[in-house]
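One structure is given here, and the rest of the page talks about it.
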Amino acid sequence: MSTSTLPLLRVRGIGKRYGERVALHDASFDLWPGEVLAVVGESGSGKTTLLNAVAARSQPDEGSVQFHTRTGGLQEVFAMSEAEQRLLARTDWGFVHQNAADGLRMDVSAGANVGERLMGLGERHYGRLRATASEWLQRVEIDPQRIDDAPRTFSGGMRQRLQIARNLVTRPRLVFMDEPTSGLDVSVQARLLDLLRQLTRQMQLAAIVVTHDLAVARLLAHRMMVMQKGRVVEAGLTDQLLDDPQHPYTQLLVSSVLQP
Amino acid sequence: MTTPLLQLRGVAKRFTLHHQNALELSVFDNVELSVSAGECVVLDGASGLGKSTLLKLIYANYRASAGRITVQPPGGEAVEVTELAPREMVRLRRDTIGYVSQFLRVIPRVPALDVVAEPLAEDAGDDAAGIEAAREEARRWLTRLAIPERLWHLPPATFSGGEQQRINIARNMIKPKPLLLLDEPTASLDAANTRTVIELIREAAARGAAMVGIFHDAEVGAAVATRRINVADFRSAA
């Protein structure tokens with residue numbers, strides 16, 4: 001983990017309402033380079049709302065999200081132009097969707113899926129694009145022979161790994177993940193988790209992982225935030241929250257699963 | 001006198017079980033404990049008195065209800081475990097505090113050799129020579145702990161309890177850390193491997209590590225202890 005004095009991401013007091021309903025209330029945290037933060041809680045607890053607000057996919061009603069850009073120090077994400085936000089989203093950030101079909105182009109080749117972000121950054125050299133795509137397919141354990149196949153022909157686990165390659169090809173510094181392993185078979189999950197764990201460590205990647213699975217949090221995350229009814233009720237070291245939960249809701253969550 | 005490497009002052013631990021009518025369980029009222037470099041303090045006390053709880057408080061997977069837990073890394077600044085931000089605690093565990101338990105938390109698919117090498121490989125980052133050096137050191141540890149070479153490239157999930165335990169000891173001792181917490185590291189080992197672990201603990205003390213340990217086996221405790229403490233002393237009224 002880097003010892004830089006500024007966080008990569010600084011979130012302060014963000015909130016979001018849908019009509020009368022408060023979906024997210026006063027969430028604040030810092031994220032540092034190389035840190036993996038799990039956001040846990042049951043459906044409707046506000047964890048995906050939080051993720052979408054921080055990732056600038058939906059603007060919060062209040063609060064501030066600052067990102068440590070490569071050039072300009074900590075910058076307010078929602079004060080950036082749309083073009084700047086888009087550039088950030090396809091260079092320094094990645095977003096891994098729960099449903100791979102939301103994060104992939106299902107009818108273009110695997111190679112083109114991986115190369116798209118590079119092309120967006122101006123890379124036009126076909127040979128280099130193909131070589132990079134092939135290298136990334138191997139890194140996520142997809143046979144490079146499948147480079148011309150569309151993800152529609154891939155299994156669920158392969159699609160999810162392809163989505164990860166598509167995001168990491170620009171070497172982002174921060175990746176958002178929304179339930180990346182749910183909906184996969186247990187054996188496929190283990191492979192994906194191990195891959196994510198390796199990649200976040202090797203690339204010194206910071207990540208925010210939304211999950212309802214405490215075992216996923218235990219394996220991947222340094223830190224954890226527990227959400228209930230739109231609020232962060234407890235936050236801290238992952239094993240501290242799992243081994244010695246303080247808040248009634250965290251205690252309920254931890255005692256409701258078999259050996260996280 | 002030098003500053004102790006580990007110091008607990010007025011440490012209390014209570015658990016509040018919110019779903020058991022907010023039942024309060026008090027484990028410690030007042031822990032006073034100092035451990036210096038080269039010492040191996042063995043904790044005594046009946047099962048359920050909180051020996052493991054004490055180690056978990058130091059490692060910070062339990063939060064102290066009161067008091068201070070100060071770690072003084074050699075040549076570094078003293079840190080207050082109860083006040084550290086998560087990322088600082090992650091760093092402290094990486095560089096300063098090791099926790100050797102009898103249970104291996106298995107990482108799916110990662111071969112035994114890499115499970116053991118990981119703490120050193122992590123420091124090597126992307127440096128291929130550093131990663132190879134970490135693997136070489138891991139081979140030495142696996143050999144010393146008598147893990148058959150045919151198992152090195154398999155993930156430990158399917159290993160026997162004793163084999164997993166030895167993988168865990170190697171993983172958590174391969175990087176020489178100034179403070180080691182030993183939670184029954186010899187619990188299911190045979191005599192030969194138990195002797196090896198006793199040697200490893202003595203070597204760690206000789207290089208200046210401070211250690212706090214729990215040993216079910218009285219002989220092992222006697223073989224490594226430089227001092228003994230009964231955790232019952234840390235409760236006010238029994």
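Chain lettering (A, B, ...) mirrors the order of the structure tokens, residue numbering begins at 1 for each chain separately, and ligand numbering begins at 1 in order of display.
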With a distance cut-off of 7 Å and only C-alpha atoms, select the neighbouring residues of range 154-171 of chain B, excluding the residue or stretch itself and same-chain residues fewer than 4 positions from it, and output the selection as a JSON list (two decimals) with C-alpha atoms, in the first residue's frame.
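Below is the file result-v3.json, written as the result:
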[["chain", "number", "residue", "atom", "x", "y", "z"],
["B", 100, "VAL", "CA", 0.30, -17.59, 14.05],
["B", 102, "GLN", "CA", -3.67, -23.22, 14.18],
["B", 103, "PHE", "CA", -6.18, -22.50, 11.44],
["B", 104, "LEU", "CA", -5.29, -21.77, 7.88],
["B", 106, "VAL", "CA", -7.60, -21.15, 2.70],
["B", 109, "ARG", "CA", -6.60, -22.19, -5.97],
["B", 110, "VAL", "CA", -3.36, -20.68, -4.64],
["B", 111, "PRO", "CA", -0.62, -23.35, -4.36],
["B", 112, "ALA", "CA", 1.01, -23.99, -0.97],
["B", 115, "VAL", "CA", 0.57, -19.17, 0.13],
["B", 116, "VAL", "CA", 3.81, -19.35, 2.12],
["B", 117, "ALA", "CA", 5.78, -16.95, -0.09],
["B", 141, "TRP", "CA", 10.36, -23.19, 5.14],
["B", 142, "LEU", "CA", 8.30, -25.96, 3.57],
["B", 145, "LEU", "CA", 8.39, -28.02, 8.27],
["B", 147, "ILE", "CA", 5.83, -30.65, 3.85],
["B", 188, "SER", "CA", -2.20, -30.89, 16.12],
["B", 189, "LEU", "CA", 1.44, -31.52, 15.27]]
10 Å contacts from chain A to chain B using only C-alpha atoms, as a PDB file with C-alpha atoms, in the first residue's frame:
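Written file, part_18.pdb:
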ATOM      1  CA  MET A   1       0.000   0.000   0.000  1.00  0.00           C
ATOM      2  CA  SER A   2       1.367   3.397  -0.911  1.00  0.00           C
ATOM      3  CA  THR A   3       2.228   5.929   1.748  1.00  0.00           C
ATOM      4  CA  LEU A  31     -10.068   5.454   0.070  1.00  0.00           C
ATOM      5  CA  TRP A  32      -6.300   5.107  -0.327  1.00  0.00           C
ATOM      6  CA  GLY A  34      -4.220  -0.092  -3.110  1.00  0.00           C
ATOM      7  CA  GLU A  35      -7.045  -0.314  -0.591  1.00  0.00           C
ATOM      8  CA  VAL A  36     -10.010  -2.612  -1.159  1.00  0.00           C
ATOM      9  CA  SER A 187     -16.487 -23.063  -8.084  1.00  0.00           C
ATOM     10  CA  GLN A 189     -16.861 -17.730  -7.897  1.00  0.00           C
ATOM     11  CA  ALA A 190     -13.694 -19.026  -6.227  1.00  0.00           C
ATOM     12  CA  ARG A 191     -11.746 -18.658  -9.455  1.00  0.00           C
ATOM     13  CA  LEU A 192     -12.996 -15.121  -9.987  1.00  0.00           C
ATOM     14  CA  LEU A 193     -12.281 -14.136  -6.404  1.00  0.00           C
ATOM     15  CA  ASP A 194      -8.761 -15.456  -6.565  1.00  0.00           C
ATOM     16  CA  LEU A 195      -8.206 -13.606  -9.823  1.00  0.00           C
ATOM     17  CA  ARG A 197      -7.414 -10.760  -5.313  1.00  0.00           C
ATOM     18  CA  GLN A 198      -4.278 -11.259  -7.407  1.00  0.00           C
ATOM     19  CA  ARG A 201      -2.544  -6.713  -5.337  1.00  0.00           C
ATOM     20  CA  GLN A 202      -0.333  -6.831  -8.417  1.00  0.00           C
ATOM     21  CA  MET A 203      -1.734  -3.593  -9.838  1.00  0.00           C
ATOM     22  CA  GLN A 204      -1.992  -1.768  -6.490  1.00  0.00           C
ATOM     23  CA  LEU A 219     -11.211 -12.625   1.168  1.00  0.00           C
ATOM     24  CA  HIS A 222      -8.974  -4.654   3.771  1.00  0.00           C
ATOM     25  CA  ARG A 223     -11.844  -2.568   5.053  1.00  0.00           C
ATOM     26  CA  MET A 224     -15.583  -2.881   5.255  1.00  0.00           C
ATOM     27  CA  ALA A 235     -17.018   0.713   9.377  1.00  0.00           C
ATOM     28  CA  GLY A 236     -13.523  -0.576  10.023  1.00  0.00           C
ATOM     29  CA  LEU A 237     -11.043  -3.368   9.366  1.00  0.00           C
ATOM     30  CA  THR A 238     -12.756  -6.303   7.684  1.00  0.00           C
ATOM     31  CA  ASP A 239     -11.753  -8.938  10.224  1.00  0.00           C
ATOM     32  CA  GLN A 240     -12.547  -6.595  13.104  1.00  0.00           C
ATOM     33  CA  LEU A 241     -16.101  -6.099  11.876  1.00  0.00           C
ATOM     34  CA  LEU A 242     -16.568  -9.807  11.216  1.00  0.00           C
ATOM     35  CA  ASP A 243     -14.921 -11.083  14.420  1.00  0.00           C
ATOM     36  CA  ASP A 244     -16.081  -8.381  16.826  1.00  0.00           C
ATOM     37  CA  PRO A 245     -19.123  -6.643  15.375  1.00  0.00           C
ATOM     38  CA  GLN A 246     -20.384  -3.798  17.581  1.00  0.00           C
ATOM     39  CA  HIS A 247     -23.568  -2.547  15.946  1.00  0.00           C
ATOM     40  CA  PRO A 248     -26.735  -4.616  16.443  1.00  0.00           C
ATOM     41  CA  TYR A 249     -27.265  -4.865  12.690  1.00  0.00           C
ATOM     42  CA  THR A 250     -23.674  -6.030  12.029  1.00  0.00           C
ATOM     43  CA  GLN A 251     -24.062  -8.608  14.783  1.00  0.00           C
ATOM     44  CA  LEU A 252     -27.234  -9.867  13.148  1.00  0.00           C
ATOM     45  CA  SER A 255     -24.516 -14.323  13.072  1.00  0.00           C
TER      46      SER A 255
END
Go through B:Val197, B:Leu179, B:Ile97, B:Ala187 and flag the residue nearest Ala146 in chain B, using only C-alpha atoms for the distances.
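Selected residue with least distance to Ala146 in chain B: B:Val197.
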Which neighbours of Met227 in chain A fall inside 10 Å, counting only C-alpha atoms, when residues of the same chain fewer than 3 positions from it are skipped, and could you give them as a list in words?
Leu24, Ala27, Val39, Val40, Gly41, Glu42, Ser43, Gly44, Ser45, Gly46, Lys47, Leu50, Met224, Gly230, Arg231, Val232, Val233, Glu234, Ala235, Tyr249 and Thr250 of chain A
If you count only C-alpha atoms, which residues fall within 8 Å of Val27 in chain B, apart from same-chain ones fewer than 4 positions away, as a list in words?
Ala12, Lys13, Arg14, Phe15, Leu49, Gly50 and Arg235 of chain B
How would the residues just chosen look if you wrote them out with N, CA and C atoms as a short mmCIF file (atom, residue, chain, number, x, y, z; two decimals), in the first residue's frame?
data_model
loop_
_atom_site.label_atom_id
_atom_site.label_comp_id
_atom_site.auth_asym_id
_atom_site.auth_seq_id
_atom_site.Cartn_x
_atom_site.Cartn_y
_atom_site.Cartn_z
N ALA B 12 -9.50 -3.16 28.91
CA ALA B 12 -10.71 -3.89 29.27
C ALA B 12 -11.37 -4.40 28.00
N LYS B 13 -12.06 -5.52 28.12
CA LYS B 13 -12.83 -6.02 26.98
C LYS B 13 -14.17 -6.56 27.45
N ARG B 14 -15.22 -5.96 26.92
CA ARG B 14 -16.58 -6.43 27.17
C ARG B 14 -17.26 -6.67 25.82
N PHE B 15 -18.01 -7.72 25.75
CA PHE B 15 -18.83 -7.95 24.55
C PHE B 15 -20.28 -7.64 24.90
N LEU B 49 -11.18 -18.30 29.63
CA LEU B 49 -10.81 -17.13 30.43
C LEU B 49 -10.34 -15.96 29.57
N GLY B 50 -10.10 -16.20 28.28
CA GLY B 50 -9.79 -15.07 27.41
C GLY B 50 -8.37 -15.00 26.90
N ARG B 235 -8.77 -10.16 35.47
CA ARG B 235 -10.18 -9.97 35.79
C ARG B 235 -10.26 -9.43 37.21
#
Find the residues around Ser34 in chain B up to 9 Å (only C-alpha atoms counted), leave out those fewer than 3 positions away in its own chain, and share them as a ChimeraX atom specification.
/B:4-9
Atoms kept (N, CA and C atoms) for selection, written as a PDB file, in the first residue's frame:
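This went into again_24.pdb:
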ATOM      1  N   PRO B   4       9.492  -1.310  26.224  1.00  0.00           N
ATOM      2  CA  PRO B   4       8.952  -2.609  25.787  1.00  0.00           C
ATOM      3  C   PRO B   4       8.398  -2.511  24.373  1.00  0.00           C
ATOM      4  N   LEU B   5       8.456  -3.616  23.661  1.00  0.00           N
ATOM      5  CA  LEU B   5       7.947  -3.639  22.297  1.00  0.00           C
ATOM      6  C   LEU B   5       6.418  -3.595  22.285  1.00  0.00           C
ATOM      7  N   LEU B   6       5.856  -4.180  23.332  1.00  0.00           N
ATOM      8  CA  LEU B   6       4.397  -4.202  23.444  1.00  0.00           C
ATOM      9  C   LEU B   6       4.011  -3.823  24.870  1.00  0.00           C
ATOM     10  N   GLN B   7       3.041  -2.943  24.973  1.00  0.00           N
ATOM     11  CA  GLN B   7       2.588  -2.537  26.292  1.00  0.00           C
ATOM     12  C   GLN B   7       1.066  -2.388  26.303  1.00  0.00           C
ATOM     13  N   LEU B   8       0.431  -3.102  27.238  1.00  0.00           N
ATOM     14  CA  LEU B   8      -1.013  -2.938  27.419  1.00  0.00           C
ATOM     15  C   LEU B   8      -1.245  -2.283  28.776  1.00  0.00           C
ATOM     16  N   ARG B   9      -2.032  -1.203  28.782  1.00  0.00           N
ATOM     17  CA  ARG B   9      -2.302  -0.502  30.037  1.00  0.00           C
ATOM     18  C   ARG B   9      -3.799  -0.308  30.214  1.00  0.00           C
TER      19      ARG B   9
END
Do a neighbour search on range 98-101 of chain A at 6 Å with only C-alpha atoms, toss out local chain neighbours closer than 5 positions, and write the hits as a list in words.
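With the cut-off at 6 Å, the set is Arg159, Gln160, Asp178, Glu179 and Pro180 of chain A.
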Keeping C-alpha atoms for every residue in the selection just given, could you write it to a file as a PDB file, in the first residue's frame?
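The file below, selection-v4.pdb, is the result:
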ATOM      1  CA  ARG A 159     -18.090 -13.167 -19.282  1.00  0.00           C
ATOM      2  CA  GLN A 160     -17.327 -11.808 -15.844  1.00  0.00           C
ATOM      3  CA  ASP A 178     -21.254  -4.299  -7.988  1.00  0.00           C
ATOM      4  CA  GLU A 179     -21.761  -7.862  -6.702  1.00  0.00           C
ATOM      5  CA  PRO A 180     -19.092  -9.198  -9.065  1.00  0.00           C
TER       6      PRO A 180
END
When DSSP works through the backbone of this structure, what residues of range 16-181 of chain A end up as alpha helix (DSSP H), shown as JSON, numbers by chain?
{"A": [47, 48, 49, 50, 51, 52, 53, 54, 82, 83, 84, 85, 86, 87, 88, 89, 90, 100, 101, 102, 103, 110, 111, 112, 113, 114, 115, 116, 117, 118, 119, 120, 126, 127, 128, 129, 130, 131, 132, 133, 134, 135, 136, 137, 138, 139, 156, 157, 158, 159, 160, 161, 162, 163, 164, 165, 166, 167, 168]}
Find the residues near Thr170 in chain A: any atom within 12 Å, counting only C-alpha atoms, skip ones fewer than 2 places away on the same chain, and give them as a count of residues only.
32
Would you mind writing down, as JSON, numbers by chain, each residue of range 70-258 of chain A that DSSP on the backbone assigns to strand (DSSP E)?
{"A": [73, 74, 75, 76, 93, 94, 95, 96, 174, 175, 176, 177, 178, 206, 207, 208, 209, 210, 211, 223, 224, 225, 226, 227, 228, 231, 232, 233, 234, 235, 236, 237]}
Residue with smallest distance to Glu203 in chain B - pool B:Gly67, B:Pro176, B:Pro119, B:Gly45, counting only C-alpha atoms:
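Selected residue with least distance to Glu203 in chain B: B:Pro176.
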